[in-house]
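> Dropping in protein-v1.cif, with mmCIF, C-alpha atoms (C1' of nucleotides).
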```cif
data_protein
loop_
_atom_site.label_atom_id
_atom_site.label_comp_id
_atom_site.auth_asym_id
_atom_site.auth_seq_id
_atom_site.Cartn_x
_atom_site.Cartn_y
_atom_site.Cartn_z
CA MET T 1 90.23 -98.05 -64.02
CA TYR T 2 90.35 -96.91 -60.42
CA THR T 3 87.16 -96.18 -58.61
CA TYR T 4 88.72 -95.17 -55.37
CA ILE T 5 90.07 -91.86 -54.31
CA ILE T 6 92.69 -91.32 -51.67
CA VAL T 7 92.51 -88.54 -49.15
CA ILE T 8 95.53 -87.35 -47.25
CA SER T 9 94.90 -84.87 -44.51
CA GLY T 10 96.95 -83.60 -41.64
CA PRO T 11 97.68 -80.45 -39.74
CA THR T 12 99.64 -77.70 -41.36
CA ALA T 13 103.34 -78.51 -41.72
CA SER T 14 102.85 -82.22 -41.31
CA GLY T 15 104.23 -83.02 -44.74
CA LYS T 16 101.02 -83.80 -46.60
CA THR T 17 102.06 -82.65 -50.02
CA GLN T 18 105.37 -84.43 -49.83
CA LYS T 19 103.62 -87.64 -48.94
CA ALA T 20 101.07 -87.14 -51.67
CA VAL T 21 103.71 -86.54 -54.30
CA LYS T 22 105.49 -89.73 -53.32
CA LEU T 23 102.26 -91.66 -53.49
CA CYS T 24 101.43 -90.19 -56.87
CA LYS T 25 104.75 -91.34 -58.25
CA GLU T 26 104.34 -94.84 -56.92
CA TYR T 27 100.75 -95.33 -57.94
CA ASN T 28 100.20 -93.03 -60.87
CA GLY T 29 98.18 -90.42 -59.07
CA GLU T 30 97.45 -86.74 -59.26
CA ILE T 31 96.91 -84.33 -56.43
CA ILE T 32 93.72 -82.45 -55.84
CA SER T 33 94.42 -79.79 -53.31
CA CYS T 34 92.06 -79.22 -50.46
CA ASP T 35 93.28 -75.94 -49.17
CA SER T 36 91.20 -72.88 -48.59
CA ARG T 37 94.14 -70.52 -49.06
CA GLN T 38 96.20 -71.94 -51.87
CA ILE T 39 93.16 -71.29 -54.03
CA TYR T 40 94.14 -67.64 -54.06
CA LYS T 41 96.36 -66.35 -56.78
CA TYR T 42 99.46 -64.32 -55.88
CA LEU T 43 99.62 -65.56 -52.29
CA ASP T 44 102.39 -68.06 -52.78
CA ILE T 45 104.96 -67.80 -50.05
CA GLY T 46 102.64 -67.62 -47.09
CA THR T 47 100.33 -70.35 -48.28
CA ASN T 48 103.32 -72.53 -48.92
CA LYS T 49 102.56 -73.37 -52.51
CA LYS T 50 104.82 -75.90 -54.09
CA GLY T 51 106.00 -76.46 -57.62
CA ILE T 52 105.24 -74.20 -60.57
CA LEU T 53 102.04 -72.99 -62.13
CA ILE T 54 101.64 -74.62 -65.51
CA ASP T 55 98.05 -73.80 -66.27
CA ASN T 56 95.08 -72.08 -64.73
CA GLY T 57 94.58 -73.88 -61.43
CA ILE T 58 97.19 -76.51 -62.09
CA ARG T 59 100.64 -76.75 -60.62
CA LEU T 60 103.40 -79.19 -61.29
CA ILE T 61 105.30 -80.51 -58.28
CA ASN T 62 108.22 -82.77 -59.14
CA GLY T 63 106.39 -83.83 -62.24
CA ILE T 64 103.11 -84.43 -60.44
CA LYS T 65 100.03 -82.42 -61.27
CA GLN T 66 98.23 -80.59 -58.50
CA TYR T 67 94.77 -79.20 -59.12
CA LEU T 68 92.71 -76.49 -57.44
CA VAL T 69 95.44 -74.04 -56.62
CA ASP T 70 95.59 -70.47 -57.89
CA ILE T 71 92.00 -70.45 -59.04
CA ILE T 72 90.57 -67.20 -57.69
CA GLU T 73 91.52 -63.60 -57.10
CA PRO T 74 92.26 -62.44 -53.54
CA HIS T 75 89.02 -60.53 -53.21
CA GLU T 76 86.79 -63.34 -54.43
CA TYR T 77 84.48 -65.34 -52.28
CA TYR T 78 84.80 -69.05 -51.97
CA ASP T 79 83.04 -71.64 -49.89
CA ALA T 80 82.75 -75.31 -49.15
CA MET T 81 80.10 -75.92 -51.79
CA GLN T 82 82.20 -74.36 -54.48
CA TYR T 83 85.05 -76.52 -53.38
CA VAL T 84 82.93 -79.63 -53.68
CA ASN T 85 81.84 -78.69 -57.17
CA ASN T 86 85.38 -77.95 -58.26
CA ALA T 87 86.81 -81.03 -56.66
CA ASP T 88 84.15 -83.28 -58.14
CA LYS T 89 85.14 -82.11 -61.60
CA CYS T 90 88.82 -82.61 -60.95
CA ILE T 91 88.30 -86.05 -59.51
CA ALA T 92 86.25 -87.09 -62.54
CA HIS T 93 88.93 -85.70 -64.79
CA VAL T 94 91.72 -87.57 -63.08
CA LEU T 95 89.78 -90.82 -62.94
CA LYS T 96 88.97 -90.50 -66.61
CA HIS T 97 92.65 -90.49 -67.37
CA GLY T 98 93.12 -93.67 -65.43
CA LYS T 99 94.89 -92.08 -62.52
CA ILE T 100 94.24 -92.05 -58.82
CA PRO T 101 92.92 -88.79 -57.44
CA ILE T 102 94.73 -87.97 -54.23
CA VAL T 103 92.89 -85.29 -52.37
CA THR T 104 95.42 -83.57 -50.19
CA GLY T 105 94.93 -80.81 -47.69
CA GLY T 106 94.12 -79.71 -44.24
CA CYS T 107 90.79 -78.06 -44.59
CA GLY T 108 88.50 -80.24 -42.54
CA LEU T 109 85.24 -78.72 -43.58
CA TYR T 110 86.01 -78.96 -47.26
CA ILE T 111 87.06 -82.57 -46.93
CA LYS T 112 83.96 -83.43 -45.00
CA ALA T 113 81.80 -81.67 -47.54
CA LEU T 114 83.50 -83.45 -50.39
CA LEU T 115 83.30 -86.88 -48.83
CA TYR T 116 79.82 -86.73 -47.35
CA GLY T 117 78.17 -83.80 -49.05
CA LEU T 118 76.41 -80.75 -47.80
CA ASP T 119 72.70 -80.45 -47.34
CA HIS T 120 70.79 -78.18 -49.59
CA ALA T 121 71.12 -74.72 -48.15
CA PRO T 122 71.28 -71.26 -49.63
CA THR T 123 74.57 -69.64 -50.35
CA LYS T 124 75.82 -66.50 -48.67
CA ASN T 125 73.41 -63.59 -48.86
CA ILE T 126 75.37 -60.43 -48.23
CA TYR T 127 72.36 -58.21 -47.91
CA LEU T 128 70.79 -60.37 -45.25
CA ARG T 129 74.07 -60.85 -43.44
CA ASN T 130 74.71 -57.14 -43.21
CA GLN T 131 71.28 -56.70 -41.83
CA LEU T 132 71.85 -59.40 -39.23
CA TYR T 133 75.27 -58.16 -38.23
CA SER T 134 73.84 -54.78 -37.42
CA ARG T 135 71.85 -56.34 -34.62
CA SER T 136 73.11 -57.29 -31.22
CA TYR T 137 74.35 -60.71 -30.35
CA ASP T 138 71.64 -61.25 -27.75
CA GLU T 139 68.94 -60.36 -30.19
CA LEU T 140 70.28 -62.73 -32.83
CA TYR T 141 70.72 -65.52 -30.38
CA THR T 142 67.21 -65.14 -29.02
CA GLU T 143 65.76 -65.19 -32.48
CA LEU T 144 67.69 -68.27 -33.49
CA LYS T 145 66.69 -69.96 -30.30
CA SER T 146 63.04 -69.58 -31.14
CA LEU T 147 63.41 -70.47 -34.81
CA ASP T 148 65.86 -73.32 -34.47
CA PRO T 149 66.73 -74.30 -30.92
CA GLU T 150 69.04 -77.08 -32.00
CA ALA T 151 71.08 -74.81 -34.18
CA ALA T 152 71.19 -72.29 -31.38
CA SER T 153 72.57 -74.77 -28.92
CA ARG T 154 75.18 -75.71 -31.48
CA THR T 155 76.29 -72.18 -32.28
CA LYS T 156 76.02 -70.50 -28.94
CA LYS T 157 78.20 -67.44 -28.38
CA ASN T 158 79.52 -67.63 -31.91
CA PRO T 159 78.18 -64.64 -33.87
CA GLN T 160 79.43 -65.84 -37.21
CA ARG T 161 77.73 -69.19 -36.88
CA ILE T 162 74.57 -67.69 -35.49
CA VAL T 163 74.29 -65.40 -38.45
CA ARG T 164 74.73 -68.29 -40.84
CA ALA T 165 72.15 -70.38 -39.04
CA LEU T 166 69.70 -67.51 -39.13
CA GLU T 167 70.50 -66.92 -42.75
CA ILE T 168 69.60 -70.48 -43.60
CA ASN T 169 66.49 -70.36 -41.52
CA LEU T 170 65.16 -67.07 -42.81
CA LEU T 171 65.87 -67.96 -46.40
CA THR T 172 64.49 -71.48 -46.39
CA LYS T 173 61.91 -71.23 -43.62
CA LYS T 174 63.22 -74.55 -42.43
CA ASN T 175 65.23 -75.47 -39.39
CA THR T 176 68.36 -77.54 -39.56
CA LYS T 177 66.54 -80.57 -38.28
CA GLU T 178 64.44 -80.61 -41.42
CA LEU T 179 67.31 -79.60 -43.61
CA PHE T 180 70.11 -81.81 -42.42
CA LYS T 181 69.94 -85.39 -43.53
CA ILE T 182 72.06 -88.37 -42.67
CA LYS T 183 74.57 -88.68 -45.40
CA ASN T 184 76.35 -91.45 -47.17
CA ARG T 185 79.82 -91.40 -48.57
CA ARG T 186 79.90 -89.69 -51.92
CA TYR T 187 83.01 -91.54 -52.96
CA ASN T 188 84.75 -94.77 -52.31
CA PHE T 189 87.72 -93.43 -50.49
CA ILE T 190 90.55 -94.22 -48.20
CA HIS T 191 91.28 -91.37 -45.88
CA TYR T 192 94.70 -91.19 -44.28
CA HIS T 193 95.37 -88.60 -41.65
CA ILE T 194 98.92 -87.77 -40.71
CA VAL T 195 99.71 -87.77 -37.04
CA THR T 196 102.79 -85.98 -35.81
CA ASN T 197 104.49 -85.37 -32.55
CA LYS T 198 103.07 -82.08 -31.46
CA ASP T 199 106.28 -80.57 -30.14
CA THR T 200 108.01 -81.37 -33.40
CA LEU T 201 105.13 -79.96 -35.35
CA TYR T 202 105.12 -76.75 -33.35
CA ASP T 203 108.86 -76.33 -33.81
CA ARG T 204 108.44 -76.86 -37.50
CA ILE T 205 105.68 -74.27 -37.64
CA ASN T 206 107.81 -71.73 -35.81
CA THR T 207 110.73 -72.06 -38.15
CA ARG T 208 108.51 -72.18 -41.18
CA CYS T 209 106.84 -68.91 -40.27
CA LYS T 210 110.21 -67.30 -39.80
CA ASN T 211 111.42 -68.62 -43.13
CA MET T 212 108.33 -67.34 -44.87
CA LEU T 213 108.88 -63.84 -43.54
CA ASP T 214 112.57 -64.00 -44.38
CA SER T 215 111.92 -65.11 -47.92
CA GLY T 216 109.83 -62.21 -49.09
CA MET T 217 106.35 -62.72 -47.73
CA ILE T 218 106.11 -59.09 -46.67
CA ASN T 219 106.95 -57.89 -50.15
CA GLU T 220 104.51 -60.35 -51.58
CA THR T 221 101.81 -58.87 -49.39
CA LYS T 222 102.73 -55.35 -50.43
CA LYS T 223 102.60 -56.39 -54.05
CA VAL T 224 99.12 -57.79 -53.68
CA LEU T 225 97.96 -54.66 -51.88
CA ASN T 226 99.52 -52.52 -54.60
CA MET T 227 97.54 -54.47 -57.16
CA GLY T 228 94.51 -52.90 -55.54
CA PHE T 229 93.29 -55.70 -53.32
CA LYS T 230 92.04 -54.45 -50.03
CA LYS T 231 93.43 -55.20 -46.62
CA ASP T 232 90.16 -56.76 -45.59
CA SER T 233 89.72 -58.90 -48.68
CA ALA T 234 89.06 -62.56 -48.17
CA ALA T 235 92.57 -63.71 -48.90
CA MET T 236 94.03 -61.27 -46.44
CA SER T 237 92.43 -63.04 -43.54
CA SER T 238 94.99 -65.77 -44.06
CA LEU T 239 97.57 -66.55 -41.43
CA GLY T 240 100.59 -64.39 -41.83
CA TYR T 241 99.07 -62.03 -44.33
CA LYS T 242 96.71 -60.58 -41.81
CA HIS T 243 99.59 -60.12 -39.42
CA ILE T 244 101.68 -58.46 -42.09
CA VAL T 245 98.85 -56.05 -42.78
CA GLN T 246 98.90 -55.06 -39.12
CA TYR T 247 102.65 -54.73 -39.25
CA LEU T 248 102.42 -52.45 -42.28
CA ASP T 249 99.88 -50.37 -40.39
CA ASN T 250 102.36 -50.08 -37.52
CA LYS T 251 100.11 -51.98 -35.20
CA LEU T 252 102.67 -54.73 -34.74
CA SER T 253 106.41 -54.62 -34.38
CA LYS T 254 108.47 -56.95 -36.50
CA ASN T 255 109.07 -59.23 -33.54
CA ASP T 256 105.41 -59.28 -32.65
CA LEU T 257 104.59 -60.03 -36.25
CA LEU T 258 106.58 -63.24 -36.15
CA ARG T 259 105.31 -64.13 -32.71
CA GLU T 260 101.66 -63.64 -33.59
CA PHE T 261 102.01 -65.36 -36.94
CA SER T 262 103.61 -68.41 -35.34
CA LYS T 263 101.22 -68.46 -32.45
CA ASP T 264 98.12 -68.32 -34.61
CA THR T 265 99.52 -70.96 -36.91
CA ARG T 266 100.14 -73.25 -33.96
CA HIS T 267 96.63 -72.67 -32.73
CA TYR T 268 95.35 -73.43 -36.18
CA ALA T 269 97.22 -76.71 -36.27
CA LYS T 270 95.66 -77.60 -32.95
CA ARG T 271 92.21 -76.89 -34.33
CA GLN T 272 92.91 -79.14 -37.27
CA ILE T 273 94.00 -81.92 -34.95
CA THR T 274 90.85 -81.52 -32.90
CA TRP T 275 88.64 -81.54 -35.95
CA PHE T 276 89.96 -84.72 -37.48
CA LYS T 277 89.89 -86.58 -34.21
CA LYS T 278 86.16 -87.03 -34.38
CA GLN T 279 85.73 -87.49 -38.09
CA PRO T 280 84.64 -90.93 -39.28
CA ASP T 281 86.40 -93.33 -41.64
CA ILE T 282 89.91 -92.12 -41.01
CA GLU T 283 93.08 -94.14 -40.83
CA PHE T 284 95.58 -92.32 -38.69
CA ILE T 285 99.15 -92.79 -39.79
CA PHE T 286 102.41 -91.46 -38.44
CA GLU T 287 104.26 -89.07 -40.63
CA ASN T 288 107.02 -91.53 -41.34
CA THR T 289 104.63 -94.30 -42.36
CA ASN T 290 104.74 -95.43 -45.96
CA ILE T 291 101.36 -95.84 -47.51
CA LYS T 292 101.13 -99.15 -49.34
CA LEU T 293 98.09 -99.20 -51.55
CA HIS T 294 99.03 -102.44 -53.28
CA GLU T 295 98.44 -104.30 -50.05
CA ARG T 296 94.81 -103.29 -50.19
CA ASN T 297 92.15 -105.33 -51.95
CA GLN T 298 90.59 -102.48 -53.81
CA PHE T 299 93.86 -101.77 -55.56
CA ASN T 300 94.62 -105.23 -56.82
"C1'" G P 1 130.54 -45.81 0.71
"C1'" G P 2 125.84 -42.59 -0.06
"C1'" G P 3 120.86 -42.24 -2.37
"C1'" G P 4 116.70 -44.41 -4.93
"C1'" G P 5 114.04 -48.53 -6.83
"C1'" U P 6 112.55 -53.52 -7.14
"C1'" G P 7 111.44 -58.83 -5.97
"C1'" U P 8 103.95 -61.52 -7.53
"C1'" G P 9 101.81 -68.06 -10.42
"C1'" G P 10 105.96 -71.45 -16.36
"C1'" C P 11 106.97 -66.20 -18.50
"C1'" A P 12 105.47 -61.02 -18.96
"C1'" G P 13 102.72 -57.96 -15.89
"C1'" A P 14 98.45 -55.64 -12.65
"C1'" G P 15 97.09 -55.41 -7.63
"C1'" C P 16 99.53 -52.06 -2.86
"C1'" G P 17 95.13 -53.65 4.26
"C1'" G P 18 89.53 -57.07 3.69
"C1'" A P 19 85.44 -59.12 -2.22
"C1'" C P 20 93.08 -62.47 -3.66
"C1'" U P 21 94.21 -68.51 -5.88
"C1'" A P 22 95.60 -63.11 -7.07
"C1'" A P 23 93.33 -58.83 -13.29
"C1'" U P 24 95.28 -59.17 -18.20
"C1'" G P 25 98.38 -61.17 -22.08
"C1'" C P 26 101.56 -65.19 -23.53
"C1'" A P 27 102.59 -70.26 -23.05
"C1'" C P 28 99.95 -74.69 -22.14
"C1'" C P 29 95.55 -78.27 -22.08
"C1'" A P 30 90.73 -79.58 -23.81
"C1'" G P 31 86.64 -78.67 -26.89
"C1'" A P 32 82.67 -76.72 -30.64
"C1'" C P 33 81.80 -75.91 -35.69
"C1'" U P 34 77.17 -78.35 -42.67
"C1'" G P 35 78.31 -73.02 -47.50
"C1'" U P 36 83.66 -66.94 -44.07
"C1'" A P 37 86.84 -72.72 -42.09
"C1'" A P 38 94.36 -70.42 -42.37
"C1'" A P 39 87.53 -68.30 -40.51
"C1'" U P 40 84.57 -68.01 -36.04
"C1'" C P 41 83.76 -69.45 -31.14
"C1'" U P 42 83.87 -72.03 -25.96
"C1'" G P 43 85.95 -74.09 -21.48
"C1'" G P 44 90.23 -75.11 -18.28
"C1'" C P 45 94.80 -73.55 -16.38
"C1'" G P 46 98.54 -74.03 -7.78
"C1'" G P 47 97.55 -79.21 -5.45
"C1'" G P 48 93.85 -82.90 -3.85
"C1'" A P 49 88.38 -84.86 -3.68
"C1'" G P 50 83.75 -84.40 -6.62
"C1'" G P 51 79.61 -84.59 -12.48
"C1'" A P 52 78.55 -80.11 -10.14
"C1'" A P 53 77.40 -76.66 -6.45
"C1'" U P 54 81.23 -77.11 -3.10
"C1'" C P 55 85.07 -78.68 0.31
"C1'" C P 56 90.25 -79.36 2.12
"C1'" C P 57 95.42 -77.92 1.61
"C1'" U P 58 99.32 -74.60 -0.33
"C1'" U P 59 100.72 -69.47 -2.77
"C1'" C P 60 102.81 -63.20 -3.92
"C1'" G P 61 111.92 -63.58 -2.26
"C1'" G P 62 113.21 -65.42 3.43
"C1'" U P 63 112.18 -64.52 8.54
"C1'" G P 64 109.88 -61.90 12.40
"C1'" G P 65 106.23 -58.25 13.67
"C1'" U P 66 101.62 -54.79 13.60
"C1'" U P 67 96.31 -55.95 12.73
"C1'" C P 68 90.08 -59.05 13.90
"C1'" A P 69 92.34 -59.33 8.71
"C1'" A P 70 98.61 -58.60 4.95
"C1'" A P 71 100.70 -59.93 -1.75
"C1'" U P 72 99.41 -55.14 0.27
"C1'" C P 73 101.93 -51.79 6.57
"C1'" C P 74 106.69 -52.15 9.76
"C1'" A P 75 111.59 -54.40 10.87
"C1'" U P 76 115.34 -57.27 9.21
"C1'" C P 77 117.92 -60.55 5.95
"C1'" C P 78 118.81 -62.18 0.88
"C1'" G P 79 118.71 -61.20 -4.62
"C1'" C P 80 118.43 -57.83 -8.68
"C1'" C P 81 118.46 -52.79 -10.99
"C1'" C P 82 119.63 -47.53 -11.39
"C1'" C P 83 122.09 -42.95 -9.90
"C1'" C P 84 126.00 -40.39 -7.20
"C1'" A P 85 130.90 -41.27 -5.29
#
```
Can I see the file as structure tokens?

Amino acid sequence: MYTYIIVISGPTASGKTQKAVKLCKEYNGEIISCDSRQIYKYLDIGTNKKGILIDNGIRLINGIKQYLVDIIEPHEYYDAMQYVNNADKCIAHVLKHGKIPIVTGGCGLYIKALLYGLDHAPTKNIYLRNQLYSRSYDELYTELKSLDPEAASRTKKNPQRIVRALEINLLTKKNTKELFKIKNRRYNFIHYHIVTNKDTLYDRINTRCKNMLDSGMINETKKVLNMGFKKDSAAMSSLGYKHIVQYLDNKLSKNDLLREFSKDTRHYAKRQITWFKKQPDIEFIFENTNIKLHERNQFN
RNA sequence: GGGGGUGUGGCAGAGCGGACUAAUGCACCAGACUGUAAAUCUGGCGGGAGGAAUCCCUUCGGUGGUUCAAAUCCAUCCGCCCCCA
């Protein structure tokens, strides 16, 4: 019985899933997705889902099972803690069946949360947030500065993060210094991160965006909107979909739609690259590298 | 041939006598981020020195003028565009 899990991360369009599928076939594994967008039902083209849905939250890609996709409705809220809970269950499930869980995805925060855990903090409080958002940035920043200077210096000029820090502080009456503990690994894991040539990656992103639009992503968006999901629902903040919404509102031309979609996706990839650079316990591999688990002690 | 317009940093595009190394956007580079994360946010972006304040050099098609001062005015040359013939 395996006790290790494998993590494969990489920027968008770096070929994570493909690599994971190959690995699963060679080593009897199953994929646990770590993707904050493929969790949404109905958004298939733009989130680049692979394979077919065979059960609630389970897809089959070339005969390999992938968990944690298509699990919530477009308007539903999701967060890192929920991901950890879900992923923990999936990992246990896969291990129980004697297979290797291969966590695959590009969502840095979720991976970090899964691997090292989150400190105990309250979940989103909409009432409080609305209250906070009605105040000015300066006011919020000043308040955070007095309540939790460290958090303030970490979140400066970022309203969203200031609100969250205040939310934690007001709800727990503790500052992050008291709340945040040094954490140990929650799993025995090997974390591979795919490194690609950036120019190649950017080219790939550009053509992928175009292909997505050409293969019905706009209609998919319309369909979801016609189902009654709002333009500002959580899922609609996803790359591409949010641009399509603007296009449908005549705020973007078709050319601009593609340009903005590609641009933001490229920027996103860059953010992913930046994030993983400073994460601990990562083995960086080139995209054409074959992962050979059998050469590792823990798999003998 | 006649008339009008235009030429600005990698691109688009403001500026139209001083605060101009020159707005803004794109591209590009770097970064932050423990519960919204495909989110949110920050810095840089002519060259050289410096941690930085700052300093030196070089820019607005070419050249020559006017002016204390020019991307901005004038002359001329070159390129592009439009209209009339």
> Using only C-alpha atoms (C1' of nucleotides), find the residues of chain P whose closest atom to chain T is at most 6 Å away, then write them as number ranges by chain.
P: 34-35, 38, 40-41
> Quick one: residues within 10 Å of A23 in chain P, all atoms listed in the file, excluding same-chain residues fewer than 5 positions away - as a list in words?
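Residues near the query, excluding close chain neighbours: G13, A14 and G15 of chain P.
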> Considering only C-alpha atoms (C1' of nucleotides), state which residue in the set P:G48, P:G3, P:G17, P:G10 is at the smallest distance from U66 in chain P.
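Checking each candidate against U66 in chain P, we get P:G17 as the closest.
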> Would you mind listing what lies within 10 Å of C11 in chain P as a PyMOL selection string, with all atoms listed in the file counted and same-chain residues fewer than 2 positions away left out?
chain P and resi 9+13+26-27
> How many Å separate CA of Leu257 in chain T from CA of Asn211 in chain T?
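A separation of 13.0 Å between them.
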> Could you expand the PyMOL selection byres ((chain P and resi 84) around 12) into the explicit residues it covers here, written as a VMD selection string?
chain P and resid 1 to 4 82 to 83 85
> List the spatial neighbours of Ser33 in chain T as a list in words - criterion: any atom at most 9 Å away, all atoms listed in the file, same-chain residues fewer than 5 positions off excluded.
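Contacts, with the query itself left out: Thr17, Gln38, Ile39, Gln66, Tyr67, Leu68, Val69, Ala87, Ile102, Val103, Thr104 and Gly105 of chain T.
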> When the PyMOL selection byres ((chain P and resi 45-47) around 9) is applied to the structure above, which residues does it catch, written out as an mmCIF file with C-alpha atoms (C1' of nucleotides), keeping the file's coordinate frame?

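Listed below is the output, selection.cif:
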```
data_model
loop_
_atom_site.group_PDB
_atom_site.id
_atom_site.type_symbol
_atom_site.label_atom_id
_atom_site.label_comp_id
_atom_site.auth_asym_id
_atom_site.auth_seq_id
_atom_site.Cartn_x
_atom_site.Cartn_y
_atom_site.Cartn_z
ATOM 1 C "C1'" G P 9 101.810 -68.060 -10.420
ATOM 2 C "C1'" U P 21 94.210 -68.510 -5.880
ATOM 3 C "C1'" C P 28 99.950 -74.690 -22.140
ATOM 4 C "C1'" C P 29 95.550 -78.270 -22.080
ATOM 5 C "C1'" G P 44 90.230 -75.110 -18.280
ATOM 6 C "C1'" G P 48 93.850 -82.900 -3.850
ATOM 7 C "C1'" C P 57 95.420 -77.920 1.610
ATOM 8 C "C1'" U P 58 99.320 -74.600 -0.330
ATOM 9 C "C1'" U P 59 100.720 -69.470 -2.770
#
```
> Any chance you could work out the residue set of the PyMOL selection byres ((chain T and resi 52) around 12) here, as a list of chain:residue names?
T:Asp44, T:Asn48, T:Lys49, T:Lys50, T:Gly51, T:Leu53, T:Ile54, T:Asp55, T:Asn56, T:Gly57, T:Ile58, T:Arg59, T:Leu60, T:Ile61, T:Asn62, T:Gly63, T:Ile64, T:Lys65, T:Gln66, T:Tyr67, T:Val69, T:Asp70
